[in-house]
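K.L.:
I'm passing along structure_30.cif; it holds mmCIF, C-alpha atoms and all ligand atoms.
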data_coords
loop_
_atom_site.label_atom_id
_atom_site.label_comp_id
_atom_site.auth_asym_id
_atom_site.auth_seq_id
_atom_site.Cartn_x
_atom_site.Cartn_y
_atom_site.Cartn_z
CA MET J 1 72.51 123.90 77.56
CA SER J 2 71.21 120.31 77.49
CA ASP J 3 73.57 117.32 77.88
CA MET J 4 73.13 116.48 74.22
CA ASN J 5 73.94 120.02 73.11
CA ARG J 6 76.93 120.18 75.44
CA ARG J 7 78.26 116.89 74.05
CA SER J 8 77.64 118.02 70.51
CA ALA J 9 79.46 121.28 71.17
CA PHE J 10 82.36 119.37 72.69
CA LEU J 11 82.66 117.04 69.72
CA ASP J 12 82.45 119.93 67.31
CA GLU J 13 85.15 121.73 69.24
CA ILE J 14 87.61 118.84 68.92
CA GLY J 15 86.64 118.16 65.34
CA LEU J 16 84.57 115.03 65.89
CA GLY J 17 81.20 116.28 64.79
CA PRO J 18 78.63 115.55 63.70
CA ILE J 19 77.46 113.74 66.81
CA TRP J 20 76.11 110.20 66.34
CA VAL J 21 72.36 110.14 66.60
CA ARG J 22 70.21 107.06 66.23
CA ARG J 23 68.06 107.62 63.17
CA GLU J 24 64.40 106.90 62.75
CA GLY J 25 65.26 103.71 60.88
CA GLY J 26 66.59 102.36 64.14
CA ILE J 27 63.06 102.36 65.56
CA GLU J 28 62.56 99.13 63.70
CA LEU J 29 65.17 97.61 65.92
CA LEU J 30 63.26 98.70 69.00
CA ASP J 31 60.29 96.79 67.78
CA ALA J 32 62.25 93.73 66.77
CA ALA J 33 61.71 90.44 68.54
CA PRO J 34 64.40 89.68 71.14
CA GLU J 35 65.85 86.92 69.05
CA ALA J 36 66.40 89.40 66.25
CA ILE J 37 68.86 91.19 68.51
CA GLU J 38 71.23 88.28 68.34
CA THR J 39 72.51 88.97 64.87
CA MET J 40 72.49 92.44 63.37
CA PRO J 41 72.19 92.67 59.60
CA GLN J 42 75.58 93.32 58.11
CA GLN J 43 74.12 96.29 56.23
CA VAL J 44 73.50 98.08 59.50
CA THR J 45 77.12 97.94 60.53
CA ASP J 46 78.26 98.71 57.01
CA VAL J 47 76.10 101.81 56.81
CA ALA J 48 77.19 102.87 60.26
CA ALA J 49 80.80 102.42 59.29
CA GLY J 50 80.32 104.50 56.18
CA LEU J 51 78.60 107.30 58.05
CA GLN J 52 80.99 107.45 60.94
CA ALA J 53 84.37 106.43 59.56
CA GLU J 54 85.41 110.07 59.37
CA ALA J 55 84.35 110.70 62.95
CA MET J 56 86.31 107.66 64.09
CA SER J 57 89.29 108.88 62.13
CA ALA J 58 89.13 112.17 63.99
CA ILE J 59 88.89 110.33 67.32
CA VAL J 60 91.97 108.26 66.58
CA GLU J 61 93.94 111.16 65.17
CA SER J 62 93.05 113.43 68.07
CA THR J 63 94.33 110.68 70.33
CA ILE J 64 97.67 110.14 68.72
CA VAL J 65 98.58 113.72 67.74
CA GLY J 66 101.67 114.73 69.68
CA GLU J 67 101.80 111.45 71.55
CA PRO J 68 103.80 108.78 69.70
CA VAL J 69 102.95 105.20 70.48
CA ASN J 70 105.61 102.65 71.21
CA GLU J 71 105.09 99.99 68.56
CA SER J 72 105.86 97.17 70.92
CA SER J 73 103.19 98.20 73.40
CA ALA J 74 100.33 100.63 73.58
CA TRP J 75 100.88 101.00 77.32
CA SER J 76 104.09 102.87 76.87
CA ASP J 77 103.93 106.43 78.19
CA ASP J 78 105.77 107.39 81.35
CA SER J 79 103.09 108.96 83.46
CA ALA J 80 104.06 109.40 87.08
CA PRO J 81 103.21 106.30 89.09
CA ALA J 82 100.57 106.63 91.75
CA SER J 83 99.33 103.75 93.81
CA VAL J 84 95.60 103.42 94.35
CA PRO J 85 94.98 103.12 98.06
CA VAL J 86 92.62 100.34 99.00
CA PRO J 87 91.19 100.52 102.52
CA HIS J 88 91.79 97.39 104.53
CA ILE J 89 88.64 95.34 104.88
CA ALA J 90 88.74 92.07 106.76
CA VAL J 91 87.72 89.30 104.36
CA PRO J 92 86.99 85.90 105.87
CA GLU J 93 89.19 83.20 104.30
CA MET J 94 86.31 81.06 103.05
CA VAL J 95 84.19 83.75 101.37
CA SER J 96 83.89 83.14 97.63
CA PRO J 97 84.39 86.17 95.38
CA LEU J 98 80.92 85.45 94.07
CA ALA J 99 79.47 86.32 97.49
CA MET J 100 81.51 89.45 98.20
CA ASP J 101 80.40 93.08 98.34
CA TRP J 102 82.45 95.84 96.71
CA PRO J 103 84.86 96.55 99.60
CA GLN J 104 85.46 92.84 100.17
CA LEU J 105 86.04 92.25 96.48
CA GLN J 106 88.51 95.13 96.24
CA GLN J 107 90.40 93.88 99.24
CA ALA J 108 90.41 90.31 97.96
CA VAL J 109 91.91 91.40 94.65
CA ALA J 110 94.46 93.65 96.33
CA SER J 111 95.81 90.73 98.35
CA CYS J 112 95.19 87.94 95.83
CA THR J 113 97.83 85.27 95.24
CA ALA J 114 95.63 82.87 93.30
CA CYS J 115 97.94 82.78 90.27
CA GLY J 116 101.56 83.45 89.47
CA LEU J 117 100.89 86.97 88.18
CA CYS J 118 100.88 88.17 91.79
CA HIS J 119 104.67 87.83 91.93
CA GLY J 120 105.52 90.48 89.34
CA ARG J 121 102.87 93.10 90.00
CA LYS J 122 103.39 96.52 91.51
CA ASN J 123 99.65 97.06 91.88
CA THR J 124 96.55 95.07 91.19
CA VAL J 125 94.23 96.80 88.72
CA PHE J 126 90.74 96.29 90.00
CA GLY J 127 88.74 98.43 87.58
CA VAL J 128 87.43 101.96 87.47
CA GLY J 129 84.13 103.69 86.89
CA ASP J 130 80.56 104.00 87.95
CA ASN J 131 79.55 101.04 90.12
CA LYS J 132 76.04 101.28 88.66
CA ALA J 133 77.10 101.84 85.05
CA LYS J 134 74.95 100.62 82.19
CA TRP J 135 78.06 100.13 80.05
CA LEU J 136 80.88 97.76 80.94
CA PHE J 137 84.05 97.77 78.82
CA ILE J 138 86.35 94.80 79.34
CA GLY J 139 89.96 94.63 78.22
CA GLU J 140 92.67 92.03 78.52
CA GLY J 141 94.89 92.93 81.46
CA PRO J 142 97.13 95.66 82.84
CA GLY J 143 100.20 96.83 80.96
CA ARG J 144 103.21 98.56 82.45
CA ASN J 145 101.55 101.90 83.14
CA GLU J 146 98.38 100.32 84.42
CA ASP J 147 100.48 98.19 86.77
CA MET J 148 102.29 101.31 88.00
CA GLN J 149 99.16 103.41 88.42
CA GLY J 150 96.68 100.74 89.50
CA GLU J 151 94.11 101.87 86.93
CA PRO J 152 93.03 100.21 83.67
CA PHE J 153 93.53 101.83 80.27
CA VAL J 154 95.97 104.64 80.90
CA GLY J 155 98.46 105.83 78.29
CA PRO J 156 97.64 106.20 74.57
CA ALA J 157 95.19 103.29 74.44
CA GLY J 158 93.40 104.66 77.47
CA LYS J 159 93.22 108.12 75.93
CA LEU J 160 91.73 106.61 72.79
CA LEU J 161 89.18 104.69 74.85
CA ASP J 162 88.26 107.89 76.69
CA ASN J 163 87.71 109.65 73.35
CA ILE J 164 85.58 106.77 72.11
CA LEU J 165 83.51 106.96 75.30
CA LEU J 166 82.98 110.69 74.75
CA ALA J 167 81.83 110.07 71.19
CA MET J 168 79.32 107.56 72.58
CA GLY J 169 78.06 110.11 75.11
CA LEU J 170 79.85 108.34 77.95
CA LYS J 171 82.69 109.20 80.26
CA ARG J 172 85.07 107.21 82.44
CA GLY J 173 83.28 107.15 85.76
CA GLU J 174 79.90 108.27 84.45
CA ASN J 175 77.64 105.43 83.33
CA ALA J 176 80.70 103.47 82.20
CA TYR J 177 82.89 100.98 84.04
CA ILE J 178 86.22 99.72 82.72
CA ALA J 179 87.71 96.41 83.83
CA ASN J 180 90.06 93.71 82.61
CA ILE J 181 89.98 89.94 82.38
CA VAL J 182 92.97 89.67 84.73
CA LYS J 183 93.84 92.12 87.50
CA CYS J 184 97.62 91.72 87.47
CA ARG J 185 100.08 92.46 84.66
CA PRO J 186 101.16 89.44 82.59
CA THR J 187 104.73 89.66 81.30
CA ASP J 188 107.05 87.29 79.49
CA GLY J 189 110.58 86.35 80.45
CA THR J 190 111.94 89.62 79.08
CA GLY J 191 109.46 91.81 80.94
CA ARG J 192 107.29 92.51 77.93
CA ASP J 193 103.49 92.45 78.09
CA ARG J 194 101.85 89.20 77.00
CA PRO J 195 98.30 87.82 76.98
CA PRO J 196 97.29 85.96 80.14
CA SER J 197 97.36 82.16 80.04
CA PRO J 198 94.11 80.17 80.25
CA GLU J 199 95.03 79.21 83.82
CA GLU J 200 95.53 82.85 84.81
CA VAL J 201 92.23 83.77 83.19
CA ALA J 202 90.44 80.98 85.02
CA ALA J 203 91.95 82.04 88.33
CA CYS J 204 90.92 85.66 87.94
CA MET J 205 87.56 85.33 86.22
CA PRO J 206 85.48 85.03 89.44
CA TYR J 207 86.43 88.61 90.31
CA LEU J 208 85.12 89.92 86.99
CA GLN J 209 82.03 87.74 87.28
CA ARG J 210 81.29 89.30 90.65
CA GLN J 211 81.93 92.80 89.30
CA ILE J 212 79.37 92.13 86.58
CA GLU J 213 76.83 90.89 89.14
CA LEU J 214 77.35 93.95 91.31
CA ILE J 215 77.29 96.47 88.45
CA GLN J 216 74.39 94.90 86.54
CA PRO J 217 75.39 96.53 83.22
CA THR J 218 73.00 96.66 80.29
CA VAL J 219 75.64 96.05 77.61
CA LEU J 220 79.14 94.55 77.75
CA VAL J 221 81.80 95.50 75.23
CA ALA J 222 84.74 93.10 74.88
CA LEU J 223 87.84 95.00 73.80
CA GLY J 224 90.08 92.62 71.90
CA LYS J 225 90.63 88.94 71.44
CA THR J 226 91.54 87.91 74.98
CA ALA J 227 88.46 89.55 76.47
CA ALA J 228 86.13 88.17 73.81
CA LEU J 229 87.43 84.60 73.86
CA SER J 230 87.65 84.46 77.65
CA LEU J 231 84.07 85.66 78.10
CA LEU J 232 82.64 83.51 75.35
CA GLY J 233 84.75 80.43 76.10
CA LEU J 234 85.84 80.04 72.51
CA ASP J 235 88.80 78.33 70.90
CA PRO J 236 91.98 80.48 71.10
CA ALA J 237 92.29 80.30 67.31
CA THR J 238 89.02 82.21 66.81
CA PRO J 239 89.78 85.59 65.23
CA VAL J 240 88.05 88.74 66.46
CA SER J 241 86.91 89.38 62.91
CA LYS J 242 84.62 86.34 63.17
CA LEU J 243 82.99 87.66 66.34
CA ARG J 244 82.30 91.20 65.16
CA GLY J 245 78.91 92.22 63.81
CA SER J 246 76.87 89.95 66.08
CA VAL J 247 75.34 90.38 69.49
CA HIS J 248 76.67 87.64 71.74
CA ARG J 249 75.56 86.97 75.28
CA TYR J 250 77.41 86.70 78.55
CA ALA J 251 75.69 86.22 81.91
CA ASP J 252 72.39 86.78 80.14
CA ARG J 253 73.50 90.19 78.90
CA PRO J 254 74.34 91.35 75.38
CA LEU J 255 78.02 91.36 74.56
CA ILE J 256 79.56 93.20 71.62
CA VAL J 257 83.06 92.38 70.41
CA THR J 258 85.42 94.93 68.90
CA TYR J 259 89.13 95.50 68.57
CA HIS J 260 91.30 96.59 71.49
CA PRO J 261 92.23 100.31 71.41
CA ALA J 262 95.93 99.35 71.45
CA TYR J 263 95.37 97.32 68.29
CA LEU J 264 93.47 100.20 66.72
CA LEU J 265 96.39 102.55 67.35
CA ARG J 266 98.56 100.18 65.29
CA GLN J 267 95.93 99.42 62.64
CA LEU J 268 94.34 102.76 61.81
CA GLY J 269 92.66 101.24 58.77
CA ASP J 270 90.28 99.37 61.08
CA LYS J 271 88.84 102.49 62.72
CA GLY J 272 85.66 102.27 60.66
CA LYS J 273 85.13 98.69 61.83
CA VAL J 274 85.46 99.75 65.45
CA TRP J 275 82.94 102.53 64.98
CA ALA J 276 80.55 100.09 63.32
CA ASP J 277 80.90 97.79 66.34
CA LEU J 278 80.15 100.67 68.68
CA CYS J 279 77.11 101.63 66.60
CA LEU J 280 75.91 98.05 67.00
CA ALA J 281 76.51 98.35 70.74
CA MET J 282 74.52 101.59 70.92
CA SER J 283 71.67 100.12 68.87
CA THR J 284 71.62 97.12 71.16
CA TYR J 285 71.62 99.35 74.23
CA ALA J 286 68.69 101.30 72.78
CA GLN J 287 66.72 98.11 72.35
CA VAL J 288 67.57 96.46 75.64
CA GLY J 289 67.86 99.53 77.82
CA GLU J 290 64.54 101.16 77.06
S1 LIG X 301 95.73 87.96 88.09
FE1 LIG X 301 93.87 87.73 89.30
S2 LIG X 301 93.94 85.62 90.11
FE2 LIG X 301 96.05 86.17 89.45
S3 LIG X 301 97.02 87.01 91.32
FE3 LIG X 301 96.15 88.76 90.16
S4 LIG X 301 94.13 89.09 91.06
FE4 LIG X 301 94.79 87.02 91.68
#
Would you write out, as C-alpha cells, the structure that this file holds?
Ligand code: SF4
P.N.:
Amino acid sequence: MSDMNRRSAFLDEIGLGPIWVRREGGIELLDAAPEAIETMPQQVTDVAAGLQAEAMSAIVESTIVGEPVNESSAWSDDSAPASVPVPHIAVPEMVSPLAMDWPQLQQAVASCTACGLCHGRKNTVFGVGDNKAKWLFIGEGPGRNEDMQGEPFVGPAGKLLDNILLAMGLKRGENAYIANIVKCRPTDGTGRDRPPSPEEVAACMPYLQRQIELIQPTVLVALGKTAALSLLGLDPATPVSKLRGSVHRYADRPLIVTYHPAYLLRQLGDKGKVWADLCLAMSTYAQVGE
C-alpha cells in the first residue's frame, strides 16, 4: 500500500476522511510569481475552510473525546514524568549559540541560566522531531507537563497537534520538528502558566534561531500569538486574527500563523480557521518545496 493510501486508510479509520488533496486549481499557485506567495487570496482560505471544516471538527473531537481539558490550562494531564537525558558535551564558554552544532546546542540549553526561567524549571524543553524536517512548528513555551517530561506539546494540546500533523501527512519525528520560543516553563506567582516576557524571549531566541539554521525547514508554522509576534517582531497588541491568511517571512523562509492548539481546544468554533491556515501552509509548501 502506498504512503498516500495508508494515510487515507488511517484517516478514514478514525473518521477524518476524506484526505486533503491539493486540487488542480492549486497548480496556478505553483506557477505564481514569488511575490504572489506573500498574500494568499482570501477566497482560497475560505474555500479551504469550507471544504475541510468537517475534517477539522473530527480531528478536534477525536482529540478531546474521553480526555477532558482543564479550562485554566491545556497542559493539564498527569502523564508520568520522565526526564529526557542529554549527554554531556563540553561547550566552550565563549561559543555563541549561533555557531553551535546540535549536541552543543542541546547541552547549552540544558545548562542555560540566561534568564530567570531557569530557576523554576524541572527540565528544559529543547524541541523534538526530525533534525532535517521540512516543517517546523513553533509554539510558545513549555507548560507543566512539558516541563515534567522535557518534551514540547504533550497532553491534550499535544495530542491535537499530533492529529493535525497526521491530517497533513506528517508525524512527530518524521519530516516535522516541534519547538518553542522559550525552552523553560514560564509561571506566574501562583505557579500558573503565563506567556514569556519580552526579555525572556530575547534571551532564548538565539537557540531557536540556531535550530532553524540547523534544520533548514521549508515552511514555519507559528502556533499562537506569542510565537507569531516573537518571530515577526510585532507589537504585543497585534491580534493573531490580523496575521492569519498571509504568508509572512522569517529568516528568509515562509511563515504561516495560526491559533495555538490549546486555544483551539477552548474555542472549537475556530477549527475551520485553523484548517484554512494549514491549507495555506500546505499550498505554500507545494510552491516553495517543489
Ligand atoms: S528560557 Fe531559554 S534563555 Fe531562559 S533559562 Fe531557559 S533556556 Fe535559558
K.L.:
Which is closer to ligand LIG 301 (chain X) than all the others in J:Lys271, J:Lys159, J:Arg185, J:Lys122, using only C-alpha atoms and all ligand atoms?
P.N.:
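Comparing J:Lys271, J:Lys159, J:Arg185, J:Lys122 against ligand LIG 301 (chain X), the winner is J:Arg185.
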K.L.:
Could you tell me how far CA of Cys204 in chain J lies from CA of Asn180 in chain J, in Å and to one decimal?
P.N.:
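If I compute the distance from CA of Cys204 in chain J to CA of Asn180 in chain J, I get 9.7 Å.
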K.L.:
For the atom pair CA of Ser96 in chain J and CA of Tyr250 in chain J, what is the interatomic distance in Å to one decimal place?
P.N.:
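Going from CA of Ser96 in chain J over to CA of Tyr250 in chain J covers 20.5 Å.
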K.L.:
For ligand LIG 301 (chain X), return the neighbouring residues as a count of residues only (distance at most 10 Å; only C-alpha atoms and all ligand atoms).
P.N.:
39
K.L.:
What are the closest atom pairs, with distances in Å to one decimal, for all residues of range 116-191 of chain J lying within 8 Å of range 254-269 of chain J? Consider only C-alpha atoms, order rows by chain and residue number, and present the result as CSV.
P.N.:
residue,atom,partner,partner_atom,distance
J:Gly139,CA,J:His260,CA,7.1
J:Pro156,CA,J:Ala262,CA,7.7
J:Ala157,CA,J:Ala262,CA,5.0
J:Gly158,CA,J:Pro261,CA,7.6
J:Leu160,CA,J:Pro261,CA,6.5
J:Leu161,CA,J:Pro261,CA,6.3
K.L.:
Pick from J:Ser230, J:Ser283, J:Gln149, J:Gln216: nearest to Asp130 in chain J, with all atoms listed in the file counted?
P.N.:
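For Asp130 in chain J, the nearest of the candidates is J:Gln216.
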K.L.:
Can you work out the spacing between CA of Asp277 in chain J and CA of Arg172 in chain J in Å, to one decimal?
P.N.:
19.1 Å
K.L.:
Considering only C-alpha atoms, can you say which of J:Lys132, J:Arg210, J:Arg144, J:Lys171 comes closest to Arg194 in chain J?
P.N.:
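Of the candidates, the smallest distance to Arg194 in chain J is held by J:Arg144.
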K.L.:
When distances are computed from all atoms listed in the file, which of J:Leu98, J:Val128, J:Ala179, J:Leu220 shows the smallest separation from Ala251 in chain J?
P.N.:
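Counting all atoms listed in the file, the residue closest to Ala251 in chain J is J:Leu220.
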K.L.:
Nearest residue to Arg192 in chain J out of J:Asn131, J:Arg244, J:Leu231, J:Gly143, using only C-alpha atoms?
P.N.:
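Among J:Asn131, J:Arg244, J:Leu231, J:Gly143, it is J:Gly143 that comes nearest to Arg192 in chain J.
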K.L.:
For Gly150 in chain J, which of J:Pro236, J:Asp193, J:His248, J:Gly127 is the closest residue, counting only C-alpha atoms?
P.N.:
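Going through J:Pro236, J:Asp193, J:His248, J:Gly127 one by one, the smallest distance to Gly150 in chain J is for J:Gly127.
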K.L.:
Around range 243-252 of chain J, fit a box with edges along x, y and z, padding it by 6 Å on each side, then list its centre and edge lengths in Å to one decimal as lines of an AutoDock Vina configuration file.
P.N.:
center_x = 77.7
center_y = 89.2
center_z = 72.9
size_x = 22.6
size_y = 18.0
size_z = 30.1
